[in-house]
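Data file: target-v2.cif. Format and content: mmCIF, C-alpha atoms and all ligand atoms.
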data_final
#
loop_
_atom_site.label_atom_id
_atom_site.label_comp_id
_atom_site.auth_asym_id
_atom_site.auth_seq_id
_atom_site.Cartn_x
_atom_site.Cartn_y
_atom_site.Cartn_z
CA MET A 274 234.14 218.36 25.89
CA ASN A 275 237.47 217.38 24.32
CA SER A 276 239.44 219.54 21.85
CA LEU A 277 238.15 217.64 18.82
CA GLU A 278 234.53 218.03 19.92
CA GLU A 279 235.17 221.75 20.40
CA LEU A 280 236.57 222.01 16.88
CA ILE A 281 233.58 220.23 15.35
CA LEU A 282 231.12 222.28 17.40
CA LYS A 283 232.80 225.50 16.26
CA ARG A 284 232.25 224.47 12.63
CA ILE A 285 228.59 223.69 13.29
CA LYS A 286 228.14 227.04 15.06
CA THR A 287 229.68 228.86 12.09
CA ASN A 288 228.19 226.93 9.16
CA GLY A 289 225.21 225.02 10.54
CA PRO A 290 224.89 221.21 10.49
CA ILE A 291 227.77 219.41 8.75
CA THR A 292 227.66 216.26 6.62
CA PHE A 293 228.47 212.98 8.35
CA SER A 294 231.38 212.65 5.93
CA SER A 295 232.83 215.92 7.18
CA PHE A 296 232.29 214.81 10.80
CA MET A 297 233.91 211.42 10.11
CA SER A 298 236.88 213.10 8.37
CA SER A 299 237.55 215.06 11.53
CA VAL A 300 237.05 212.27 14.04
CA LEU A 301 239.26 209.84 12.12
CA TYR A 302 241.76 212.07 10.32
CA ASP A 303 242.09 215.43 12.12
CA GLU A 304 245.81 216.11 12.06
CA ASN A 305 246.09 216.56 15.81
CA PHE A 306 243.17 214.76 17.41
CA GLY A 307 241.87 212.26 14.83
CA TYR A 308 241.66 208.57 15.63
CA TYR A 309 244.28 207.72 12.99
CA SER A 310 246.49 210.81 13.50
CA GLY A 311 248.98 208.86 15.60
CA LYS A 312 249.12 211.79 18.03
CA THR A 313 246.47 210.49 20.38
CA ASN A 314 246.73 207.59 22.78
CA ASN A 315 244.73 205.31 20.52
CA HIS A 316 245.92 201.83 19.74
CA PRO A 317 243.62 201.08 16.83
CA LEU A 318 245.00 197.67 15.90
CA GLY A 319 245.69 194.42 17.69
CA ILE A 320 244.83 192.73 20.91
CA TYR A 321 245.01 195.95 22.96
CA GLY A 322 243.26 198.03 20.30
CA ASP A 323 239.76 198.47 18.99
CA TYR A 324 239.81 195.89 16.22
CA TYR A 325 242.12 193.53 14.37
CA THR A 326 242.65 193.05 10.69
CA SER A 327 243.73 190.01 8.66
CA PRO A 328 247.49 190.80 8.60
CA LEU A 329 247.50 190.67 12.40
CA VAL A 330 245.52 187.47 12.69
CA HIS A 331 247.98 185.04 11.14
CA PRO A 332 251.13 185.28 8.96
CA ALA A 333 249.41 183.14 6.35
CA PHE A 334 247.52 186.23 5.13
CA ALA A 335 250.59 188.32 4.23
CA SER A 336 252.39 185.26 2.83
CA LEU A 337 249.54 184.33 0.51
CA LEU A 338 249.11 187.92 -0.65
CA ALA A 339 252.87 188.05 -1.34
CA ILE A 340 252.55 184.86 -3.38
CA ASN A 341 249.66 186.38 -5.31
CA ILE A 342 251.62 189.56 -6.16
CA TYR A 343 254.61 187.49 -7.25
CA HIS A 344 252.45 185.46 -9.63
CA LEU A 345 250.85 188.61 -11.07
CA TRP A 346 254.36 189.88 -11.83
CA LYS A 347 255.18 186.58 -13.54
CA ALA A 348 252.01 186.80 -15.63
CA ILE A 349 253.15 190.07 -17.22
CA ASN A 350 256.52 188.74 -18.36
CA GLU A 351 258.47 189.63 -15.22
CA PRO A 352 259.17 193.35 -15.81
CA VAL A 353 262.58 194.43 -14.45
CA GLU A 354 260.96 197.02 -12.18
CA PHE A 355 257.75 196.34 -10.32
CA THR A 356 256.35 198.84 -7.80
CA ILE A 357 254.00 197.81 -5.01
CA VAL A 358 251.96 200.61 -3.46
CA GLU A 359 249.97 199.73 -0.36
CA ILE A 360 247.42 202.42 0.44
CA GLY A 361 246.16 202.59 4.03
CA ALA A 362 249.24 200.76 5.30
CA GLY A 363 248.61 201.84 8.91
CA ASN A 364 251.67 201.04 10.98
CA GLY A 365 253.28 199.13 8.08
CA TYR A 366 252.64 195.69 9.48
CA LEU A 367 251.55 194.04 6.22
CA TYR A 368 254.41 195.77 4.39
CA ARG A 369 257.01 194.33 6.75
CA GLU A 370 255.46 190.87 6.57
CA ILE A 371 255.39 190.85 2.76
CA ILE A 372 259.00 192.07 2.49
CA SER A 373 260.06 189.55 5.08
CA PHE A 374 258.30 186.78 3.14
CA TYR A 375 260.19 187.65 -0.03
CA LYS A 376 263.50 187.87 1.89
CA LYS A 377 263.05 184.33 3.13
CA ASN A 378 261.43 182.72 0.16
CA ILE A 379 262.01 184.66 -3.06
CA PRO A 380 265.04 186.91 -2.37
CA SER A 381 265.63 187.52 -6.09
CA PHE A 382 262.25 189.32 -6.26
CA LEU A 383 263.51 191.96 -3.81
CA SER A 384 265.81 193.46 -6.41
CA VAL A 385 262.81 193.86 -8.75
CA ILE A 386 260.32 195.48 -6.40
CA THR A 387 260.02 198.88 -4.78
CA TYR A 388 257.39 198.92 -2.06
CA TYR A 389 255.65 202.13 -0.92
CA PRO A 390 253.47 201.73 2.18
CA VAL A 391 251.22 204.82 2.13
CA ASP A 392 248.93 206.35 4.72
CA VAL A 393 247.22 209.66 5.44
CA PHE A 394 250.03 210.77 7.74
CA SER A 395 253.49 209.86 6.51
CA ASP A 396 255.88 208.53 9.16
CA LYS A 397 259.43 208.05 8.01
CA SER A 398 260.38 206.20 11.22
CA LYS A 399 258.08 203.42 10.01
CA ASP A 400 258.80 203.89 6.29
CA ILE A 401 255.28 205.19 5.73
CA TYR A 402 254.90 207.55 2.76
CA HIS A 403 252.33 210.13 1.73
CA ILE A 404 250.58 209.37 -1.58
CA LYS A 405 252.15 212.52 -3.12
CA GLU A 406 255.60 210.92 -2.69
CA VAL A 407 254.73 207.89 -4.83
CA PRO A 408 256.03 208.13 -8.41
CA LYS A 409 253.53 208.30 -11.27
CA GLY A 410 253.36 205.98 -14.26
CA ILE A 411 254.47 202.83 -12.47
CA THR A 412 254.26 199.23 -13.60
CA GLY A 413 253.20 197.27 -10.58
CA CYS A 414 250.44 196.57 -8.15
CA ILE A 415 248.34 198.73 -5.85
CA ILE A 416 247.04 196.90 -2.82
CA SER A 417 244.82 197.76 0.11
CA ASN A 418 243.33 195.92 3.04
CA GLU A 419 240.47 197.61 4.88
CA LEU A 420 241.21 201.00 3.35
CA ILE A 421 237.92 201.89 1.69
CA ASP A 422 235.81 200.94 4.70
CA ALA A 423 237.68 203.70 6.56
CA PHE A 424 236.74 206.43 4.05
CA PRO A 425 234.34 209.08 5.36
CA VAL A 426 230.78 208.47 4.16
CA ASN A 427 227.58 210.49 3.76
CA ARG A 428 224.50 209.04 5.44
CA PHE A 429 221.04 208.96 3.87
CA ILE A 430 217.54 208.17 5.05
CA PHE A 431 214.49 207.27 2.93
CA LYS A 432 211.67 209.50 4.19
CA ASP A 433 208.31 210.28 2.64
CA LYS A 434 209.43 208.46 -0.52
CA LYS A 435 212.49 210.70 -0.88
CA ILE A 436 216.21 210.24 -0.27
CA LYS A 437 217.27 212.74 2.39
CA GLU A 438 220.64 213.18 4.06
CA ILE A 439 221.49 212.73 7.74
CA TYR A 440 223.72 215.62 8.85
CA VAL A 441 225.41 216.19 12.20
CA ASP A 442 224.02 218.95 14.42
CA TYR A 443 224.43 219.84 18.10
CA ASP A 444 221.82 219.62 20.84
CA TYR A 445 222.78 222.47 23.21
CA LYS A 446 220.24 221.42 25.85
CA ASN A 447 221.64 217.91 26.24
CA ASN A 448 225.21 218.77 25.18
CA THR A 449 225.50 216.14 22.52
CA PHE A 450 225.90 215.79 18.77
CA ILE A 451 222.70 214.65 17.07
CA ASP A 452 221.37 213.61 13.65
CA LYS A 453 219.66 216.27 11.56
CA ILE A 454 217.74 215.37 8.38
CA ASN A 455 217.75 217.66 5.34
CA HIS A 456 218.11 217.59 1.53
CA VAL A 457 221.08 215.75 0.07
CA SER A 458 224.29 217.77 -0.15
CA GLU A 459 225.39 216.05 -3.40
CA PRO A 460 223.07 214.75 -6.14
CA GLU A 461 225.23 211.63 -6.46
CA ILE A 462 224.04 210.46 -3.03
CA ALA A 463 220.47 210.12 -4.28
CA SER A 464 221.45 208.83 -7.72
CA ARG A 465 223.53 205.97 -6.29
CA VAL A 466 220.70 204.61 -4.21
CA SER A 467 217.60 205.58 -6.19
CA PRO A 468 217.52 202.28 -8.20
CA PHE A 469 217.07 200.45 -4.88
CA THR A 470 214.38 202.54 -3.21
CA LYS A 471 211.83 199.86 -4.13
CA ASN A 472 213.51 197.78 -1.36
CA PHE A 473 213.24 200.59 1.17
CA ASP A 474 210.60 201.02 3.86
CA ASP A 475 210.10 204.50 5.26
CA GLY A 476 213.04 205.23 7.58
CA TYR A 477 215.55 203.01 5.69
CA GLN A 478 219.09 204.28 6.34
CA GLY A 479 222.40 203.74 4.62
CA GLU A 480 225.66 205.31 3.54
CA VAL A 481 227.21 206.50 0.30
CA ASN A 482 230.99 206.47 -0.05
CA LEU A 483 231.90 209.33 -2.39
CA GLY A 484 235.62 208.89 -1.71
CA ILE A 485 235.81 205.77 -3.90
CA GLY A 486 235.77 207.90 -7.08
CA TYR A 487 238.71 210.05 -5.87
CA TRP A 488 240.62 206.93 -4.84
CA ALA A 489 240.17 205.41 -8.31
CA ASP A 490 241.29 208.67 -9.98
CA ILE A 491 244.42 208.82 -7.82
CA ILE A 492 245.47 205.23 -8.32
CA SER A 493 244.83 205.58 -12.02
CA SER A 494 247.27 208.50 -12.11
CA ILE A 495 249.88 206.37 -10.33
CA ILE A 496 249.67 203.13 -12.25
CA ASN A 497 250.44 202.87 -15.92
CA SER A 498 250.18 199.10 -16.16
CA GLY A 499 249.57 196.37 -13.65
CA PHE A 500 247.02 195.41 -11.03
CA VAL A 501 244.87 196.65 -8.18
CA ILE A 502 244.06 194.24 -5.34
CA THR A 503 241.33 195.56 -3.08
CA ILE A 504 240.40 193.64 0.07
CA ASP A 505 237.58 194.94 2.19
CA TYR A 506 234.34 194.20 3.94
CA GLY A 507 231.52 194.91 1.51
CA TYR A 508 229.18 193.84 -1.23
CA GLU A 509 227.82 194.66 -4.63
CA ARG A 510 225.38 197.55 -4.47
CA ASP A 511 222.16 195.52 -4.76
CA GLU A 512 223.12 193.57 -1.63
CA LEU A 513 224.42 196.61 0.23
CA TYR A 514 221.13 198.45 -0.31
CA SER A 515 218.85 195.45 0.17
CA SER A 516 215.95 195.45 2.61
CA LYS A 517 217.91 193.39 5.16
CA ASN A 518 220.38 196.28 5.66
CA ASN A 519 217.69 198.73 6.66
CA ARG A 520 219.81 200.39 9.36
CA GLY A 521 222.83 200.81 7.08
CA SER A 522 226.30 199.45 7.68
CA LEU A 523 227.90 202.23 9.71
CA ARG A 524 229.72 200.74 12.71
CA SER A 525 231.71 202.28 15.53
CA TYR A 526 234.27 200.23 17.44
CA PHE A 527 235.70 200.99 20.83
CA GLN A 528 238.03 198.47 22.47
CA HIS A 529 236.79 195.49 20.44
CA SER A 530 233.13 196.31 21.20
CA LEU A 531 230.56 197.53 18.77
CA SER A 532 229.33 200.92 19.90
CA SER A 533 225.86 201.93 18.77
CA ASN A 534 226.52 205.63 19.33
CA HIS A 535 228.66 207.23 16.61
CA TYR A 536 228.78 210.42 18.68
CA SER A 537 230.40 208.90 21.75
CA ASN A 538 234.16 208.54 22.41
CA ILE A 539 234.78 211.11 19.66
CA GLY A 540 238.30 210.71 18.25
CA ARG A 541 238.82 207.60 20.35
CA GLN A 542 236.61 205.14 18.51
CA ASP A 543 236.84 203.84 14.98
CA ILE A 544 234.00 204.31 12.49
CA THR A 545 233.66 202.15 9.38
CA SER A 546 231.06 201.22 6.80
CA HIS A 547 230.74 198.37 4.33
CA VAL A 548 232.26 198.94 0.91
CA ASP A 549 230.14 199.33 -2.21
CA PHE A 550 232.09 197.08 -4.60
CA THR A 551 229.89 198.08 -7.54
CA THR A 552 231.20 201.63 -7.18
CA VAL A 553 234.75 200.30 -6.76
CA ASN A 554 234.37 198.50 -10.07
CA HIS A 555 232.61 201.38 -11.91
CA SER A 556 235.15 203.94 -10.70
CA LEU A 557 238.05 201.77 -11.80
CA ALA A 558 236.35 200.92 -15.11
CA VAL A 559 236.01 204.58 -16.09
CA ASN A 560 239.73 204.89 -15.44
CA GLY A 561 240.56 202.07 -17.85
CA PHE A 562 240.78 199.15 -15.43
CA ASP A 563 239.30 195.72 -16.18
CA LYS A 564 237.86 193.50 -13.48
CA LEU A 565 239.57 190.11 -13.32
CA PHE A 566 238.08 188.73 -10.10
CA TYR A 567 235.62 189.53 -7.36
CA ILE A 568 235.61 186.78 -4.75
CA THR A 569 235.43 186.21 -1.02
CA GLN A 570 238.57 186.30 1.10
CA LYS A 571 237.90 182.66 1.98
CA LYS A 572 238.07 181.58 -1.66
CA PHE A 573 241.00 183.89 -2.36
CA LEU A 574 243.15 182.44 0.42
CA GLU A 575 242.10 178.89 -0.36
CA TYR A 576 243.04 179.31 -4.00
CA LEU A 577 246.41 180.71 -3.04
CA GLY A 578 247.15 177.64 -0.95
CA LEU A 579 245.86 178.02 2.60
CA GLU A 580 245.36 174.26 2.77
CA PHE A 581 249.12 173.78 2.37
CA PHE A 582 249.72 175.89 5.47
CA ILE A 583 247.23 173.80 7.39
CA ARG A 584 248.69 170.53 6.14
CA GLU A 585 252.21 171.57 7.11
CA LEU A 586 250.99 172.79 10.45
CA ASN A 587 249.48 169.36 11.07
CA GLN A 588 252.71 167.70 10.01
CA SER A 589 254.80 169.92 12.28
CA TYR A 590 252.52 169.11 15.17
CA LYS A 591 252.77 165.39 14.48
CA ASN A 592 256.59 165.74 14.34
CA ASN A 593 256.53 167.51 17.74
CA GLU A 594 257.99 170.65 16.15
CA ILE A 595 255.28 172.84 17.65
CA SER A 596 253.40 172.59 20.92
CA ASN A 597 249.80 171.58 21.23
CA ASN A 598 249.05 175.10 22.41
CA SER A 599 250.70 176.74 19.39
CA PHE A 600 249.02 174.30 17.03
CA ASN A 601 245.55 175.02 18.43
CA LYS A 602 246.06 178.77 18.38
CA GLN A 603 247.34 178.75 14.82
CA ILE A 604 244.49 176.61 13.56
CA TYR A 605 242.06 178.91 15.33
CA ALA A 606 243.71 181.99 13.80
CA ILE A 607 243.74 180.51 10.28
CA ASN A 608 240.07 179.65 10.65
CA LEU A 609 239.39 183.27 11.58
CA LEU A 610 240.85 184.37 8.24
CA VAL A 611 238.32 182.25 6.35
CA ASP A 612 235.39 182.44 8.76
CA LYS A 613 232.26 182.87 6.64
CA ASN A 614 230.74 185.09 9.33
CA GLY A 615 233.80 187.30 9.60
CA LEU A 616 237.01 187.92 7.67
CA GLY A 617 236.31 185.06 5.26
CA ASN A 618 233.28 186.95 4.02
CA PHE A 619 235.35 190.01 3.06
CA HIS A 620 235.65 190.52 -0.67
CA VAL A 621 238.75 190.70 -2.83
CA SER A 622 238.64 192.38 -6.20
CA ILE A 623 241.50 192.25 -8.67
CA HIS A 624 241.60 194.71 -11.56
CA SER A 625 244.17 195.12 -14.29
CA LYS A 626 245.26 198.05 -16.46
CA ASN A 627 247.04 197.98 -19.80
CA ILE A 628 247.49 194.23 -19.64
CA SER A 629 247.10 192.19 -22.82
CA LYS A 630 244.30 189.69 -23.28
CA ASP A 631 246.86 186.87 -23.23
CA GLN A 632 248.32 188.11 -19.97
CA LYS A 633 244.86 188.31 -18.42
CA ASN A 634 244.30 184.72 -19.48
CA ILE A 635 247.57 183.72 -17.89
CA VAL A 636 246.42 185.26 -14.60
CA LYS A 637 243.13 183.41 -14.80
CA ASN A 638 244.77 180.08 -15.58
CA GLN A 639 247.82 180.46 -13.38
CA HIS A 640 248.99 177.48 -11.38
CA ILE A 641 250.14 178.30 -7.91
CA THR A 642 252.79 175.82 -6.86
CA TYR A 643 254.39 175.19 -3.51
CA ASP A 644 257.46 173.46 -2.30
CA LYS A 645 259.11 172.97 1.02
CA SER A 646 261.36 175.97 0.60
CA MET A 647 258.44 178.29 1.33
CA ILE A 648 258.54 179.19 5.00
CA TYR A 649 256.08 180.85 7.32
CA LEU A 650 256.97 184.22 8.65
CA GLU A 651 258.00 184.85 12.17
CA GLN A 652 255.84 187.47 13.73
CA ASP A 653 256.52 190.63 15.69
CA SER A 654 254.64 191.55 18.83
CA ASP A 655 251.15 193.10 18.72
CA LEU A 656 249.44 189.96 17.53
CA ILE A 657 246.17 188.57 18.58
CA TYR A 658 248.01 185.36 19.41
CA PRO A 659 251.52 186.32 20.44
CA ASP A 660 252.56 182.63 20.44
CA LEU A 661 252.36 182.69 16.68
CA ARG A 662 255.61 184.60 16.52
CA ASN A 663 257.49 181.36 17.01
CA SER A 664 255.87 179.77 14.02
CA ALA A 665 258.67 179.26 11.52
CA ILE A 666 257.20 176.30 9.72
CA SER A 667 257.57 175.22 6.16
CA PHE A 668 254.56 174.62 4.00
CA GLY A 669 254.08 172.95 0.69
CA ASP A 670 253.96 169.63 -0.92
CA GLU A 671 256.77 167.84 -2.63
CA ASN A 672 254.31 166.69 -5.27
CA LYS A 673 253.77 170.37 -6.19
CA GLU A 674 250.02 170.33 -6.23
CA THR A 675 248.52 172.88 -8.54
CA GLN A 676 245.27 174.70 -8.93
CA THR A 677 244.04 177.51 -11.14
CA TRP A 678 241.67 180.42 -10.68
CA LYS A 679 239.36 178.65 -13.10
CA ASP A 680 239.33 175.42 -11.07
CA ILE A 681 238.59 177.19 -7.85
CA PHE A 682 236.09 179.79 -8.92
CA GLU A 683 234.49 177.81 -11.70
CA ILE A 684 235.16 180.67 -14.10
CA LYS A 685 233.66 180.00 -17.50
C1 LIG B 701 241.15 200.08 9.04
S1 LIG B 701 242.77 200.70 8.90
C2 LIG B 701 243.57 199.34 8.07
C3 LIG B 701 245.05 199.31 8.28
C4 LIG B 701 245.79 198.17 7.56
N1 LIG B 701 245.59 198.22 6.13
C5 LIG B 701 245.39 196.81 8.09
O1 LIG B 701 244.78 196.04 7.34
O2 LIG B 701 245.68 196.51 9.24
C6 LIG B 701 242.53 201.90 7.64
C7 LIG B 701 243.78 202.65 7.28
O3 LIG B 701 243.55 203.37 6.07
C8 LIG B 701 244.13 204.66 6.21
N2 LIG B 701 243.52 205.58 5.23
C9 LIG B 701 242.25 206.02 5.18
N3 LIG B 701 242.07 206.87 4.16
C10 LIG B 701 243.26 206.94 3.52
C11 LIG B 701 243.72 207.64 2.37
N4 LIG B 701 242.91 208.44 1.68
N5 LIG B 701 245.01 207.50 2.00
C12 LIG B 701 245.84 206.69 2.69
N6 LIG B 701 245.46 205.99 3.79
C13 LIG B 701 244.19 206.12 4.19
C14 LIG B 701 243.88 205.00 7.66
O4 LIG B 701 244.69 206.06 8.12
C15 LIG B 701 244.19 203.67 8.33
O5 LIG B 701 245.54 203.54 8.64
#

As structure tokens, what does this structure read like?
Ligand SMILES: C[S@@+](CC[C@H](N)C(=O)[O-])C[C@H]1O[C@@H](n2cnc3c(N)ncnc32)[C@H](O)[C@@H]1O
Amino acid sequence: MNSLEELILKRIKTNGPITFSSFMSSVLYDENFGYYSGKTNNHPLGIYGDYYTSPLVHPAFASLLAINIYHLWKAINEPVEFTIVEIGAGNGYLYREIISFYKKNIPSFLSVITYYPVDVFSDKSKDIYHIKEVPKGITGCIISNELIDAFPVNRFIFKDKKIKEIYVDYDYKNNTFIDKINHVSEPEIASRVSPFTKNFDDGYQGEVNLGIGYWADIISSIINSGFVITIDYGYERDELYSSKNNRGSLRSYFQHSLSSNHYSNIGRQDITSHVDFTTVNHSLAVNGFDKLFYITQKKFLEYLGLEFFIRELNQSYKNNEISNNSFNKQIYAINLLVDKNGLGNFHVSIHSKNISKDQKNIVKNQHITYDKSMIYLEQDSDLIYPDLRNSAISFGDENKETQTWKDIFEIK
């Protein structure tokens, strides 16, 4: 039994079974032994880790997000100060890529922005802040990629026509943590899912993410006016709690493999669940945010100009500027970002706060333009495809092709 397991067992011995959310908080975020604490030998991200996220797949992701943020700033009359807060910044990879993109392509924007990469454990050696260090009342943009799917969740089961909760207990005979069913610990767990119980057979299981409400309250206290861009794997509630998801969406990952046992490799494996975007929207709405978009990552990146990257990549290959090997790997990586069965099926929601109706319309009708001065980023190590780091290629079209949110998403 490792130290983290001992700690959790001690709590169960003292207080009885604990909620899955409490268990997940410890296994992911215990200060000393948690998966994300940075004090263990885990390498959560990248080719040697347990999973990879979009920023690590290809530089196009960070570049396009940087372009999006820049255009949001333009839509609100280019305020002289614009603060970007990235919550769940991990090791700061996306932060460094976005800053590096602006340095190369829009250096004037660097004097306007202040960027706070935030995570649970601040780490000044990597410029990572704690949320308490971020100033309040900012004008700017709050972004996150795969943050909410890492929030601890409560688990429920539909049994005998009632919503019950799955707690974590300990089986002393077999020396293992086990599920224990009892009444819900919070009424909100049952109220979130009760409209969908008509879809549930006996034994249906799922998760409720109560942390989303706290997240919305906190970001609301930080941002006075601007935007929230939320990128994550998830759905609207009716899809999340549909009959096809009858085993829930809780997933554990250990060294790029899906692990069916959430109680194995404690503190060494990641645990995630799909995000309830209806709750994201409701929680932001009660805090005065308006939803501008809710779209797939595939559509989001395509709108922002992914095709220009691909076109330029093709051109560079034809001009013998990149090797066949690099070309193939980059095309493969870009396709991963928009793969309908993977990252492309993630959702992106964009909300605004204290933005005028005209400014919202500008965002919706904005033309994203490209020219040859826009350059790909060079990458650091820790990539899925380390060859990509040599990819300093321009993208764009001298004819400055344009598209709008309305064109792409057929917004009425
Ligand atoms: C799945 S990782 C994603 C990392 C990074 N955004 C990426 O896309 O590669 C989730 C990150 O969110 C962080 N996180 C979870 N809850 C958080 C919170 N309440 N505040 C700040 N960061 C949080 C975790 O510590 C972890 O670094």

Taking all atoms listed in the file into account, produce a table as a tab-separated table in which each residue of chain A with an atom at most 10 Å from an atom of ligand LIG 701 (chain B) appears once, together with its shortest atom pair and the distance in Å to one decimal, ordered by chain and rising number.
residue	atom	partner	partner_atom	distance
A:Ser298	CA	B:LIG701	N3	9.1
A:Leu301	CA	B:LIG701	O4	7.7
A:Tyr302	CA	B:LIG701	O4	7.0
A:Gly307	CA	B:LIG701	O4	9.6
A:Tyr308	CA	B:LIG701	O4	8.5
A:Tyr309	CA	B:LIG701	O4	5.2
A:Ser310	CA	B:LIG701	O4	7.4
A:Gly311	CA	B:LIG701	O4	9.1
A:Pro317	CA	B:LIG701	S1	8.0
A:Leu318	CA	B:LIG701	O2	6.8
A:Gly319	CA	B:LIG701	O2	8.7
A:Tyr324	CA	B:LIG701	C1	8.4
A:Tyr325	CA	B:LIG701	O2	6.9
A:Thr326	CA	B:LIG701	O2	4.8
A:Ser327	CA	B:LIG701	O1	6.3
A:Pro328	CA	B:LIG701	O2	6.0
A:Leu329	CA	B:LIG701	O2	6.9
A:Val330	CA	B:LIG701	O2	9.7
A:Glu359	CA	B:LIG701	N1	8.0
A:Ile360	CA	B:LIG701	C12	5.1
A:Gly361	CA	B:LIG701	O3	3.4
A:Ala362	CA	B:LIG701	N1	4.5
A:Gly363	CA	B:LIG701	O5	3.5
A:Asn364	CA	B:LIG701	O5	7.0
A:Gly365	CA	B:LIG701	C4	7.6
A:Tyr366	CA	B:LIG701	O2	7.0
A:Leu367	CA	B:LIG701	C5	7.0
A:Tyr368	CA	B:LIG701	N1	9.3
A:Pro390	CA	B:LIG701	C12	9.1
A:Val391	CA	B:LIG701	C12	5.7
A:Asp392	CA	B:LIG701	N6	3.6
A:Val393	CA	B:LIG701	C12	4.3
A:Phe394	CA	B:LIG701	O4	7.1
A:Ser395	CA	B:LIG701	C12	9.1
A:Tyr402	CA	B:LIG701	C12	9.1
A:His403	CA	B:LIG701	C12	7.4
A:Ile404	CA	B:LIG701	N5	6.9
A:Ile416	CA	B:LIG701	N1	9.2
A:Ser417	CA	B:LIG701	N1	6.1
A:Asn418	CA	B:LIG701	N1	4.5
A:Glu419	CA	B:LIG701	C2	4.8
A:Leu420	CA	B:LIG701	O3	4.3
A:Ile421	CA	B:LIG701	C9	6.9
A:Asp422	CA	B:LIG701	C1	6.9
A:Ala423	CA	B:LIG701	C6	5.3
A:Phe424	CA	B:LIG701	N3	5.3
A:Pro425	CA	B:LIG701	N3	8.1
A:Gly484	CA	B:LIG701	N4	8.1
A:Ile485	CA	B:LIG701	N4	9.4
A:Tyr487	CA	B:LIG701	N4	8.8
A:Trp488	CA	B:LIG701	N4	7.1
A:Ile491	CA	B:LIG701	N4	9.6
A:Ile504	CA	B:LIG701	O1	8.8
A:Asp505	CA	B:LIG701	O1	8.9
A:Asp543	CA	B:LIG701	C1	8.2
A:Ile544	CA	B:LIG701	C1	9.0
A:Thr545	CA	B:LIG701	C1	7.8

Would you kindly return, as a list in words, each protein, DNA or RNA residue with an atom no farther than 10 Å from any atom of His624 in chain A, considering only C-alpha atoms and excluding same-chain residues fewer than 6 positions away? Cys414, Ile415, Gly499, Phe500, Val501, Ile502, Thr503, Asn554, Leu557, Ala558, Gly561, Phe562, Asp563, Lys564, Leu565, Phe566, Tyr567 and Lys633 of chain A

Spatial neighbours of Asn275 in chain A, 9 Å, only C-alpha atoms, chain gap at least 4 places, as a list in words: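 Residues meeting the cut-off are Glu279, Leu280 and Ile539 of chain A.
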
Gap from CA of Ser276 in chain A to CA of Asn455 in chain A - Å, one decimal: 27.3 Å

For a quick check of understanding, using all atoms listed in the file, which of A:Ile436, A:Leu337, A:Ile492, A:Pro468 has the smallest distance to Ile357 in chain A? A:Ile492

Given only C-alpha atoms as the basis, pick out the residue of A:His344, A:Arg524, A:Arg284, A:Arg510 nearest to His555 in chain A.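 Using only C-alpha atoms, His555 in chain A sits closest to A:Arg510.
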
Nearest candidate to Asp442 in chain A (options A:Tyr536, A:Tyr576, A:Phe600, A:Tyr343; using only C-alpha atoms):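 Residue with the minimum atom-to-atom distance to Asp442 in chain A: A:Tyr536.
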
Using CA of Lys377 in chain A and CA of Ala339 in chain A as the two end points, give the distance in Å to one decimal.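 Separation of CA of Lys377 in chain A and CA of Ala339 in chain A: 11.7 Å.
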
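Minimum atom-to-atom distance to Ser546 in chain A, evaluated using all atoms listed in the file, belongs to A:Arg428 out of A:Lys312, A:Lys571, A:Arg428, A:Lys613.
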
Would you list the residues near (228.4, 205.5, 20.1) (no more than 12 Å away, in the coordinates of the file, using all atoms listed in the file) as a PyMOL selection string? chain A and resi 449-451+523-527+530-544

Grab the CA of Asn519 in chain A to CA of Lys434 in chain A distance for me, in Å with one decimal place.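 Spanning CA of Asn519 in chain A to CA of Lys434 in chain A is a straight-line distance of 14.6 Å.
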
Contacts of Gly289 in chain A at 10 Å or less, counting only C-alpha atoms, minus same-chain residues fewer than 4 places along, as number ranges by chain? A: 282-285, 440-443
